[in-house]
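Undergrad: Sending over a structure as structure tokens; questions will come in a sec.
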Amino acid sequence: MALESEPQTQLVPSARLSFDDFQIAITSFLKQTARRMPWTYSRAGQTPQGYLSLTELKHSQNAPLQPPPQATLVDKLDSVSKEDQLLLDDLVEHFEEIPDNEEADHEAEAREDMSQKVSQDFLSVCYHVVFSPSYQVPVLYFNAYRPDGTAISLEEIYESLVPEDWRSSIRNAGLNGGISQQDHPVLSIPYFYMHPCETVSLLETIFKNTTSTRQSSLLDSYILTWLSFTGQAIGLTIPSDIVASASV
Amino acid sequence: MPPLPDKGKTPAATASTSNTTPAPHNPIAKVIWDGSIPIQFSWDKAEATAVGSNAVESFFYEAPRCSYFSLLTSHVRKHFVDMALHFIGDDAEIWYDYEGTPLKWHYPIGLLYDIHGLQASAGRGMNGSLLPWKITVHFQNFPADKLIKSQAIDSCQDYFMSMIKEADYLRNGSTKKVMNLSKSDQTQLWDGLWSNNYDKFWGINHKLTTNDNVVARHLPVRIYMPENCPVIQDLVPSVDENNQHRTLRQVLNQSLPDIFPLVETGTPVATAMIHGIIPSLDTSVIWASQNMSYPDNFLHLVVIIK
């Protein structure tokens with residue numbers, strides 16, 4: 001990660017990453033989130049460029065689901081793609097590992113609730129963190145699928161994933177709103193993404209205000225910092241204890 | 001090394017807007033702008049039969065290489081609507097395929113032909129002419145899993161402008177230049193593109209490509225390998241450590257060292273094509289960027305494996 005000098009000859013860490021920096025940053029991120037969020041690193045074919053991916057289940061009215069009982073969930077997903085099925089299986093397994101002292105009381109209730117709701121209005125949301133060689137920052141790509149496997153539209157993305165108070169500001173950001181569709185850089189299929197133009201200035205502002213300017217520690221917490229801001233806009237939240245324990 | 005374009009003034013081709021900034025004299029850019037591909041659009045047989053129009057004639061059109069399918073759609077639709085009796089058609093649902101592969105409407109037509117026509121046929125060892133390019137038109141069953149939605153003109157413009165912004169960001173590390181273009185300049189840029197008006201378009205575009213004579217940090221380049229590989233987009237510095245202009249060969253070597261060695265020892269394994277031609281790999285990438293880019297300001301290089 002380059003250090004760029006400012007007119008006041010004070011070194012401010014740049015928010016721009018080289019590809020190698022990005023690889024270091026995501027390795028740290030995977031370690032930081034290992035026990036709490038099932039992020040994985042994927043590649044396609046022989047390209048060196050990979051991406052982080054996470055699949056979450058969400059109520060299509062913008063409220064996260066309780067961890068569903070395994071049987072109910074898996075049975076309803078007839079037409080989910082193989083890749084998504086594997087991710088969902090991982091996810092379910094992962095949820096089962098979480099100590100459920102708090103949830104024991106609510107489980108029975110939730111289970112009943114689930115069997116009615118799960119098939120109608122949940123969305124399977126895939127979040128991918130992909131490196132942009134042009135803007136030299138990570139970019140958040142995402143798609144959301146209905147239970148029948150069909151992807152939802154931009155309008156539905158705004159309604160289901162973007163928090164209500166954020167909607168108008170994101171819609172009006174830049175030339176065509178803060179969210180657009182383009183070919184996923186690695187998978188080459190249509191994916192929604194958050195425009196990266198503001199990422200550099202946002203992160204530089206944050207880094208200016210951190211007490212430590214050691215290159216390595218900023219790189220360590222880079223993805224976490226970036227994602228905790230960017231993810232909010234489309235319903236992706238990082239558990240606060242992860243952010244707290246990794247802060248510089 | 002070829003000289004940079006002359007900045008002399010040319011009278012605007014159309015006198016309709018007194019505010020049109022005339023384009024500088026640049027024969028190379030003009031020739032590229034005027035490049036076109038004859039296309040034969042045929043209605044998908046199954047769809048046509050379903051509306052009782054199985055004998056509809058094809059639509060022949062000379063398509064500008066620098067344009068986009070979205071910008072031709074109204075002409076295409078009109079032809080088929082005129083031909084068929086009970087049919088209207090919706091611009092947002094129209095899509096095109098070539099030999100079963102859906103065509104990305106956000107790629108320039110010339111790039112699509114270089115990839116699906118020239119690169120693909122080289123891969124199969126074919127030599128005959130592919131023209132007129134035979135494209136199938138669909139009015140239904142838009143493949144949303146393969147093509148970006150809403151290929152109406154607004155989306156085309158949005159996508160085009162985001163490419164222009166990205167190009168600016170690569171050159172200067174910010175999108176200030178593009179964002180600071182006046183509203184009328186931005187309008188002129190887009191109008192020039194969709195109306196295929198060289199002077200209108202290049203009158204504004206040259207300010208972006210010549211970058212006010214400031215050497216660009218990085219250049220907008222995308223490289224397309226065969227067989228539907230993910231597009232290669234690496235950071236391309238414009239000069240080397242001695243401040244010399246880098247060449248196309250160096251740029252290709254950076255991303256594909258096995259296919260494009262720095263020093264050619266035997267017969268070349270591959271060539272790079274743009275706008276249907278094979279430029280010399282010793283061409284300065286700065287010169288190429290300023291003179292041979294597509295309207296979106298990118299050098300879209302298609303790799304032809306021999």
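Naming works like this for the structure tokens: A, B, ... for the chains as they're shown, residue 1 at the start of each chain, ligands 1 onward in shown order.
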Contacts from chain B to chain A, 9 Å maximum, only C-alpha atoms: show me the residue list as a list of chain:residue names.

TA: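 Within 9 Å of chain A on chain B, we get B:His106, B:Ala144, B:Asp145, B:Lys146, B:Leu147, B:Ile148, B:Lys149, B:Ser155, B:Asp158, B:Tyr159, B:Met161, B:Ser162, B:Glu166, B:Ala167, B:Tyr169, B:Leu170, B:Gly173, B:Ser174, B:Thr175, B:His218, B:Pro220, B:Asn228, B:Cys229, B:Pro230, B:Val231, B:Ile232, B:Gln233, B:Asp234, B:Leu235.
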
Undergrad: Check stretch 14-226 of chain B with DSSP on the backbone and list each residue it calls strand (DSSP E or B), as an NGL selection string.

TA: :B and (24 or 36-43 or 59-64 or 95-98 or 101-102 or 133-138 or 218 or 221-224)

Undergrad: Output as JSON, numbers by chain all residues of stretch 165-236 of chain B that backbone DSSP marks as helix (DSSP H, G or I).

TA: {"B": [165, 166, 167, 168, 169, 170, 171, 172, 176, 177, 178, 179, 183, 184, 185, 186, 187, 188, 189, 190, 191, 192, 193, 194, 198, 199, 200, 201, 202, 203, 204, 205, 206, 207, 208, 209, 211, 212, 213]}

Undergrad: For atom CA of A:Trp226 and atom CA of A:Ala244, determine how far apart the two atoms are, in Å to one decimal place.

TA: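 One can read the atom CA of A:Trp226 to atom CA of A:Ala244 distance as 14.0 Å.
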
Undergrad: Here is a test: counting only C-alpha atoms, which residue of B:Leu71, B:Asp44, B:His245, B:Met126 is nearest to B:Gly100?

TA: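 Of the candidates, the smallest distance to B:Gly100 is held by B:Asp44.
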
Undergrad: Find the residues near B:Pro295: any atom within 8 Å, counting only C-alpha atoms, skip ones fewer than 2 places away on the same chain, and give them as an mmCIF file with N, CA, C and O atoms, in the first residue's frame.

TA:
data_model
loop_
_atom_site.group_PDB
_atom_site.id
_atom_site.type_symbol
_atom_site.label_atom_id
_atom_site.label_comp_id
_atom_site.auth_asym_id
_atom_site.auth_seq_id
_atom_site.Cartn_x
_atom_site.Cartn_y
_atom_site.Cartn_z
ATOM 1 N N CYS B 66 -18.295 1.561 -34.151
ATOM 2 C CA CYS B 66 -18.168 2.287 -32.890
ATOM 3 C C CYS B 66 -19.496 2.478 -32.164
ATOM 4 O O CYS B 66 -19.521 3.111 -31.115
ATOM 5 N N LEU B 193 -22.253 10.403 -30.353
ATOM 6 C CA LEU B 193 -22.149 8.949 -30.454
ATOM 7 C C LEU B 193 -23.391 8.346 -31.098
ATOM 8 O O LEU B 193 -23.307 7.630 -32.082
ATOM 9 N N ASN B 205 -14.436 14.692 -27.129
ATOM 10 C CA ASN B 205 -13.624 13.551 -26.720
ATOM 11 C C ASN B 205 -12.126 13.839 -26.748
ATOM 12 O O ASN B 205 -11.370 13.303 -25.943
ATOM 13 N N SER B 293 -8.529 4.372 -29.722
ATOM 14 C CA SER B 293 -9.499 3.907 -28.729
ATOM 15 C C SER B 293 -10.889 3.892 -29.333
ATOM 16 O O SER B 293 -11.177 4.580 -30.307
ATOM 17 N N ASN B 297 -13.283 5.374 -24.895
ATOM 18 C CA ASN B 297 -11.917 5.726 -24.484
ATOM 19 C C ASN B 297 -11.040 4.526 -24.143
ATOM 20 O O ASN B 297 -9.926 4.712 -23.666
ATOM 21 N N PHE B 298 -11.549 3.327 -24.354
ATOM 22 C CA PHE B 298 -10.740 2.145 -24.049
ATOM 23 C C PHE B 298 -10.140 1.543 -25.315
ATOM 24 O O PHE B 298 -10.735 1.573 -26.391
#
